[in-house]
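Reading through the structure tokens given below for one structure.
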Amino acid sequence: MSNRPLENIRVIDLSRVFAMPFAGANLADLGAEVIKIDTCQAQFMETTRTITGPFPGNQPGELWWEQGGTFQTLNRGKRSLTLDLRSEEAQSILKELVSVSDVVLENFTPRVMARFGLDYASLRAVKPDLIMVSNTGYGHSGPWSNFGAMASALEPTHGTGAFMGYLDDNGSGKLSPGSVPNKLGNSYTDFLATWTALLSIMAALLHRAKTGRGTWIDLAMYQAGAAFIGEGLLAYSFNGERTRRIGNRHTSMAPHGCYPCLGEDQWVTIAVRDDEDWRAFCAAVGQPELAALARFATTPQRLQNQDELDGIVAGWTRARTSYDVMEQLQRAGVPAGPVLTAAQALKDPHFRHRGFFENVSHPDETGLGSRDYIGRGWKFSESAAEIGGAAPLLGEANGYALRELLGLPQSRMDALVEAEIIGTEPIGGRAPSQVPLETQVELGWIAGYVSDYRGVTGKSPPPQGEG
Amino acid sequence: MGVKFLLDGLRVLDLGPGIAPSFCAKLLADYGASVAKVEPPAAGDPARRMGPFVGDDPNPEKSIPFLYANTGKRGITLDWSTASGRTMLHKLLDESDVLVEGFSPSETASSSISYGELAQAYPHLVVTSVTPFGQDGPYSEFEATDIITCAMSGLMYHSGDSDREPLRNALDQSLYVAGANAAAATLVAVFARLTSGEGQHVDVSISECLAAHLVQPVPYHNYMGATKGRRPVRGSGFEELMPARDGYVVPSVQGSQPWETVADLIGLEELHDPRFASGAGRIANGEELKALLVEGLAQWDRLPLFVASGERRLVFGMAQDAGDMVACPHLDARGFYHQVDHPVAGTATYPGMAAALSERPQQAPAPAPLLGQHNAEIYSGELGYGGDELAALRYTGVI
């Protein structure tokens, strides 16, 4: 794995949950040595190690803190150093480590970092050209700076719900713009912060190479969310437009939407961009007579008659699989594509061809075997970017970081273990209880499940009675 | 400008078209790069024809998506399919570190910007291609707009309500997310060049950029064979959009505060029932709790509830519309908004950068360029073309 562009960069990753750990994972994919600061004190362990899951077969095993699938995705290729940061000794070790590193990632509240003496000013004192990302809900300045945040509540707060929502059916026979906001979900805002962090860190590394100066990146999730709907905010500034909730429709394309297909919860998206697309669509679906109808001939007319058009399109898609619709319309040059589930994406020939999912082998003791994980949306012709390995076992790099990097003697290491500041197993805590999958379906948490699913490839022995 | 910023000295050529490559180059400009946008003469970037328009006037200088995705750039026109246009493009590339483009792979392969030719002529050049499905694979030539890439990324399946069709993501989210990814990946290649001395091709797939958000749905399948769904229509109402007096709020039990704090804030005595104090109890008594929640939230307006939540270290949210966002006192205090004056579209409040950086306070960007606004400045001033030559190029439609 030579030729990874960040091979000489060391990152101290103090961050938790999704956004910044994923930025760290991307830096690790690019070759950086990312040391995750973990803790062996179970009550302070990050939630992706303890409760987020998903666990293999929905059953956390003996080494439950190593087994969360989302934890594995977000922390692949990193090292793990445990430090109980409540202790002053741990705080001073961390500072020593920062002094021999390049980048720090953290997402504590401003209060916590200052209390630990690990704020940017303190860390810059030991590493003058430090690049540091401080990621919080609302940033380190402004009246809301001390407010906490979680993505599910943050997303509508930064305005995406103004531009997402189903059409309203008020019984008039014509659908109208919606009054109820909706959301993307899946912690959408977290990833906006991930990409912003990555971009800012790369810009700061280039700046450091040129000027020798570090950068502090005050990354507010709320502000990132606002920047990604900048077009909508500007539309308000110019035109006073406060919301645009038009379901799956478009202001200048019709038909444009998400239509039902053969199979349960299967859908396809179609976008007819202009009159040429419309004629191609009519020919492709074997209804050339539609192209001759005056009320559908031009975009303004199709926009006027969308309710009728959507019925016609759905009538055609309903009898076909989403992939068949895609193939048939794409052959005619009309934009169309299935709404893929994760299971479909994992099997999709294009994703497979591109190598988007990368297979990772896990240490035997985790019992995870080898599994596929999401990669990233970019490839390089010369540089390498790839998942470097599984997420680290708790504290696996204690010796590396403390003895090799910082030169601590064994006696001091022993004392740190004795004081429970470092360790390789959780102190306290237990495997989280799981809600059975059938109950999760009833509660609406999941859409469904395959009852005999194993999902393990490679090393693991086959289950009893198979083969 | 004057003040040096992170990417000061980085020279970028932005060929567009549309939102994703343009937003990539806009972000590089935000961080200090010098960006020239190259558009076809007469027609300009197709994004100029995207609505909404300022005052609903479909003038190519008044497209709001174009105005947002092209701040901080200078603009020139060039038909690089002609022989003289090609020569000029090459002069521009002599002076560039990065080329950003978003044409289909077959279009670039048969043009003067095929990567093979560029790599030979400009070994130092980083070429970033931002396309719906990337440079290779069975879908690489497929047609797509935002709703298609959202759908095929796997993210759209999860947005909307579980008893209805999946819902398209707000505005052109896949294109903006891909633009940010492309900007980051471009800088990775520029960073690699510091040691290798050589440029390379950066292949960005819009659908894959959004697919990289699936950190839960993919392991849900790979670890337990489960399909994570859309927003459940049942449940206690927490972590979901719920009606308040003047709009919608998101009540939340997340964070580290006990249930009593949540019950206290909403202010309805019945919420203090011990059956609601645990997560399991809230699940078991979800319908009853939701009814109480609706009653309690009806007493609140969004902003006071949100602020009271933050002050109690709870993490409630509220649904804000674009007007709320532009008037937001918090973003204003953080210096997020800028007044930008555009010679045709007029003056407006523009959103600024996603992150605040210690090396420089946020600054107002230059407005998006008019079509060919900087032709004389760049072609005469920097590339040394004479007035007669430019007149001839203009006459033959090259610029």
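FYI, nothing fancy with the structure tokens labels: chains A, B, ... in order, residues from 1 per chain, ligands from 1 as they appear.
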Can you write out as a tab-separated table which residues of segment 174-235 of chain B fall within 12 Å of segment 262-269 of chain A, alongside each residue's closest atom pair and its distance in Å to one decimal, counting only C-alpha atoms and ordering rows by chain and ascending residue number?
```
residue	atom	partner	partner_atom	distance
B:Thr227	CA	A:Asp265	CA	11.1
B:Gly229	CA	A:Asp265	CA	9.9
B:Arg230	CA	A:Asp265	CA	10.7
```
Same residues, C-alpha atoms, output as an mmCIF file, in the first residue's frame:
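What follows is the written file out_30.cif:
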```cif
data_model
loop_
_atom_site.group_PDB
_atom_site.id
_atom_site.type_symbol
_atom_site.label_atom_id
_atom_site.label_comp_id
_atom_site.auth_asym_id
_atom_site.auth_seq_id
_atom_site.Cartn_x
_atom_site.Cartn_y
_atom_site.Cartn_z
ATOM 1 C CA THR B 227 -33.204 -3.259 5.706
ATOM 2 C CA GLY B 229 -36.329 1.841 6.364
ATOM 3 C CA ARG B 230 -37.750 5.318 6.017
#
```
Neighbours of segment 30-33 of chain B within 9 Å (only C-alpha atoms; same-chain residues fewer than 5 positions away dropped), as a list of chain:residue names?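 Final neighbour list, sorted by chain and number: A:Ser200, A:Ala203, B:Lys4, B:Phe5, B:Leu6, B:Leu7, B:Asp8, B:Gly9, B:Leu10, B:Arg11, B:Val12, B:Ala25, B:Thr71, B:Gly72, B:Gly352, B:Met353, B:Gln363, B:Pro365.
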Which neighbours of Arg318 of chain A fall inside 8 Å, counting only C-alpha atoms, when residues of the same chain fewer than 6 positions from it are skipped, and could you give them as a list in words?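 Close residues of Arg318 of chain A: Tyr259, Pro260, Cys261 and Leu262 of chain A.
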May I have the residues within 8 Å of segment 190-199 of chain A as a PyMOL selection string, using only C-alpha atoms and disregarding those fewer than 6 positions away in the same chain? (chain A and resi 18-20+22-23+26-27+133+135+151+217+219-221+224-225+228) or (chain B and resi 177+180-181+183-185+187+213+354-355)
Residue subset to file, keeping N, CA and C atoms, as a tab-separated table (two decimals), in the first residue's frame:
```
chain	number	residue	atom	x	y	z
A	18	PHE	N	-20.36	10.01	14.52
A	18	PHE	CA	-20.25	9.78	13.08
A	18	PHE	C	-19.30	10.73	12.34
A	19	ALA	N	-19.56	12.03	12.47
A	19	ALA	CA	-18.99	12.99	11.52
A	19	ALA	C	-17.46	12.99	11.49
A	20	MET	N	-16.83	13.28	12.62
A	20	MET	CA	-15.38	13.38	12.62
A	20	MET	C	-14.69	12.01	12.59
A	22	PHE	N	-15.62	9.64	10.86
A	22	PHE	CA	-15.61	9.26	9.44
A	22	PHE	C	-14.58	10.09	8.67
A	23	ALA	N	-14.39	11.35	9.07
A	23	ALA	CA	-13.32	12.14	8.45
A	23	ALA	C	-11.98	11.46	8.73
A	26	ASN	N	-11.53	8.47	6.49
A	26	ASN	CA	-11.12	8.86	5.14
A	26	ASN	C	-9.64	9.24	5.10
A	27	LEU	N	-9.15	9.91	6.16
A	27	LEU	CA	-7.72	10.24	6.22
A	27	LEU	C	-6.89	8.97	6.31
A	133	VAL	N	-9.43	20.38	13.96
A	133	VAL	CA	-10.85	20.57	13.67
A	133	VAL	C	-11.63	20.43	14.97
A	135	ASN	N	-15.35	20.27	15.99
A	135	ASN	CA	-16.66	20.11	15.36
A	135	ASN	C	-17.73	20.06	16.44
A	151	ALA	N	-27.82	14.82	14.95
A	151	ALA	CA	-28.20	15.06	13.56
A	151	ALA	C	-29.71	15.01	13.32
A	217	ILE	N	-9.92	24.92	12.69
A	217	ILE	CA	-11.13	24.85	11.89
A	217	ILE	C	-12.32	24.70	12.84
A	219	LEU	N	-15.80	24.13	13.12
A	219	LEU	CA	-16.77	23.55	12.19
A	219	LEU	C	-18.11	23.33	12.89
A	220	ALA	N	-19.07	24.19	12.58
A	220	ALA	CA	-20.41	24.08	13.15
A	220	ALA	C	-21.28	23.29	12.19
A	221	MET	N	-21.87	22.19	12.67
A	221	MET	CA	-22.73	21.37	11.80
A	221	MET	C	-23.88	22.20	11.22
A	224	ALA	N	-22.64	24.25	8.39
A	224	ALA	CA	-22.37	23.41	7.22
A	224	ALA	C	-23.68	23.08	6.52
A	225	GLY	N	-24.70	22.74	7.33
A	225	GLY	CA	-26.00	22.43	6.74
A	225	GLY	C	-26.54	23.60	5.95
A	228	PHE	N	-24.82	24.00	2.49
A	228	PHE	CA	-25.18	23.04	1.45
A	228	PHE	C	-26.58	23.29	0.86
B	177	VAL	N	-23.01	17.79	-2.55
B	177	VAL	CA	-22.15	16.86	-1.80
B	177	VAL	C	-20.98	16.40	-2.68
B	180	ALA	N	-18.30	19.12	-2.97
B	180	ALA	CA	-17.43	19.21	-1.79
B	180	ALA	C	-16.44	18.05	-1.77
B	181	ASN	N	-16.92	16.86	-2.09
B	181	ASN	CA	-16.00	15.71	-2.18
B	181	ASN	C	-14.93	15.96	-3.24
B	183	ALA	N	-13.77	18.78	-4.34
B	183	ALA	CA	-12.80	19.79	-3.91
B	183	ALA	C	-11.77	19.16	-2.96
B	184	ALA	N	-12.25	18.33	-2.02
B	184	ALA	CA	-11.33	17.68	-1.09
B	184	ALA	C	-10.38	16.75	-1.84
B	185	ALA	N	-10.93	15.94	-2.75
B	185	ALA	CA	-10.10	14.98	-3.48
B	185	ALA	C	-9.10	15.69	-4.39
B	187	LEU	N	-7.65	18.49	-3.72
B	187	LEU	CA	-6.55	18.97	-2.87
B	187	LEU	C	-5.66	17.81	-2.43
B	213	HIS	N	-22.52	7.89	2.40
B	213	HIS	CA	-23.25	8.24	3.62
B	213	HIS	C	-23.91	7.02	4.27
B	354	ALA	N	-18.90	26.95	4.94
B	354	ALA	CA	-19.39	25.98	5.92
B	354	ALA	C	-18.58	26.02	7.22
B	355	ALA	N	-17.28	26.25	7.12
B	355	ALA	CA	-16.42	26.24	8.30
B	355	ALA	C	-15.82	27.62	8.53
```
Selected residue, from B:Gln373, B:Ser380, B:Ser278, B:Thr131, that lies nearest to chain A when counting only C-alpha atoms: B:Thr131
With only C-alpha atoms as the atoms that count, which of B:Ser153, B:Ser159, B:Thr186, B:Ser104 lies nearest to Asp348 of chain A? B:Ser153
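Restricting the calculation to only C-alpha atoms, the smallest distance between Asp264 of chain B and any of B:Ile283, B:Val204, B:Leu305, B:Ala192 is found for B:Leu305.
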From B:Pro367, B:Gly281, B:Gly323, B:Pro105, residue lying nearest chain A [only C-alpha atoms]: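 With only C-alpha atoms as the atom set, the closest residue is B:Gly323.
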Running DSSP on the backbone, which parts of segment 162-362 of chain B land in strand (DSSP E), as a PyMOL selection string? chain B and resi 201-205+226-228+242-244+247-250+317-318+337-342+346-351+355-357
Which is closer to Asn8 of chain A than all the others in A:Asn248, A:Thr160, A:Ala319, A:Leu205, using only C-alpha atoms?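 Selected residue with least distance to Asn8 of chain A: A:Leu205.
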Using only C-alpha atoms, which protein or nucleic acid residues come within 8 Å of segment 88-105 of chain A? Drop anything in the same chain fewer than 5 positions from it, and give the result as number ranges by chain. A: 9-15, 20, 24, 83, 116-118, 123, 126-127, 129-135, 401, 405-406, 421
Applying 7 Å and only C-alpha atoms, which residues near segment 233-241 of chain A remain after dropping the ones on its own chain fewer than 5 positions away? List them as an NGL selection string. :B and (54-55 or 64 or 322-323 or 326 or 348-350)
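Nearest to chain A of all the residues B:Tyr115, B:Phe316, B:Trp259, B:Phe23 is B:Phe316, based on only C-alpha atoms.
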Env of Ser205 of chain B: 9 Å cut, atoms = only C-alpha atoms, seq-sep filter 4 positions within chain, self excluded. Answer as a PyMOL selection string. (chain A and resi 377-379) or (chain B and resi 129-135+178+182+209-210)
Convert the current residue selection to file output with N, CA and C atoms, as an mmCIF file, in the first residue's frame.
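To be explicit, this is the file written out as out-v2.cif:
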```cif
data_model
loop_
_atom_site.group_PDB
_atom_site.id
_atom_site.type_symbol
_atom_site.label_atom_id
_atom_site.label_comp_id
_atom_site.auth_asym_id
_atom_site.auth_seq_id
_atom_site.Cartn_x
_atom_site.Cartn_y
_atom_site.Cartn_z
ATOM 1 N N GLY A 377 -16.251 8.291 -2.736
ATOM 2 C CA GLY A 377 -16.733 8.682 -4.055
ATOM 3 C C GLY A 377 -15.667 9.136 -5.033
ATOM 4 N N TRP A 378 -14.402 8.939 -4.730
ATOM 5 C CA TRP A 378 -13.349 9.418 -5.633
ATOM 6 C C TRP A 378 -12.211 8.425 -5.706
ATOM 7 N N LYS A 379 -11.553 8.421 -6.901
ATOM 8 C CA LYS A 379 -10.414 7.541 -7.158
ATOM 9 C C LYS A 379 -9.316 8.384 -7.790
ATOM 10 N N SER B 129 -12.536 15.122 -12.654
ATOM 11 C CA SER B 129 -13.746 14.882 -13.439
ATOM 12 C C SER B 129 -14.868 14.508 -12.484
ATOM 13 N N VAL B 130 -15.956 15.258 -12.520
ATOM 14 C CA VAL B 130 -17.101 14.992 -11.630
ATOM 15 C C VAL B 130 -18.283 14.586 -12.491
ATOM 16 N N THR B 131 -18.657 13.316 -12.457
ATOM 17 C CA THR B 131 -19.722 12.807 -13.322
ATOM 18 C C THR B 131 -20.698 11.964 -12.502
ATOM 19 N N PRO B 132 -21.899 11.709 -13.019
ATOM 20 C CA PRO B 132 -22.897 10.990 -12.217
ATOM 21 C C PRO B 132 -22.431 9.624 -11.709
ATOM 22 N N PHE B 133 -21.707 8.863 -12.567
ATOM 23 C CA PHE B 133 -21.360 7.497 -12.181
ATOM 24 C C PHE B 133 -19.867 7.196 -12.301
ATOM 25 N N GLY B 134 -19.031 8.205 -12.530
ATOM 26 C CA GLY B 134 -17.600 7.964 -12.634
ATOM 27 C C GLY B 134 -17.168 7.635 -14.049
ATOM 28 N N GLN B 135 -15.867 7.427 -14.214
ATOM 29 C CA GLN B 135 -15.267 7.314 -15.542
ATOM 30 C C GLN B 135 -15.415 5.936 -16.178
ATOM 31 N N ALA B 178 -21.268 16.109 -3.950
ATOM 32 C CA ALA B 178 -20.198 15.683 -4.852
ATOM 33 C C ALA B 178 -19.199 16.812 -5.082
ATOM 34 N N ALA B 182 -15.349 16.488 -4.379
ATOM 35 C CA ALA B 182 -14.410 16.720 -5.473
ATOM 36 C C ALA B 182 -13.355 17.747 -5.081
ATOM 37 N N CYS B 209 -20.405 9.447 -4.064
ATOM 38 C CA CYS B 209 -20.187 10.404 -2.966
ATOM 39 C C CYS B 209 -21.338 10.315 -1.959
ATOM 40 N N LEU B 210 -22.568 10.192 -2.485
ATOM 41 C CA LEU B 210 -23.722 10.106 -1.591
ATOM 42 C C LEU B 210 -23.846 8.703 -0.991
#
```
Apply DSSP to the structure's backbone, then extract all residues of segment 78-177 of chain B labelled alpha helix (DSSP H) and return them as a PyMOL selection string. chain B and resi 83-94+105-109+115-121+146-153+173-177
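Relative to atom CA of Met318 of chain B, atom CA of Phe336 of chain B is found at 19.8 Å.
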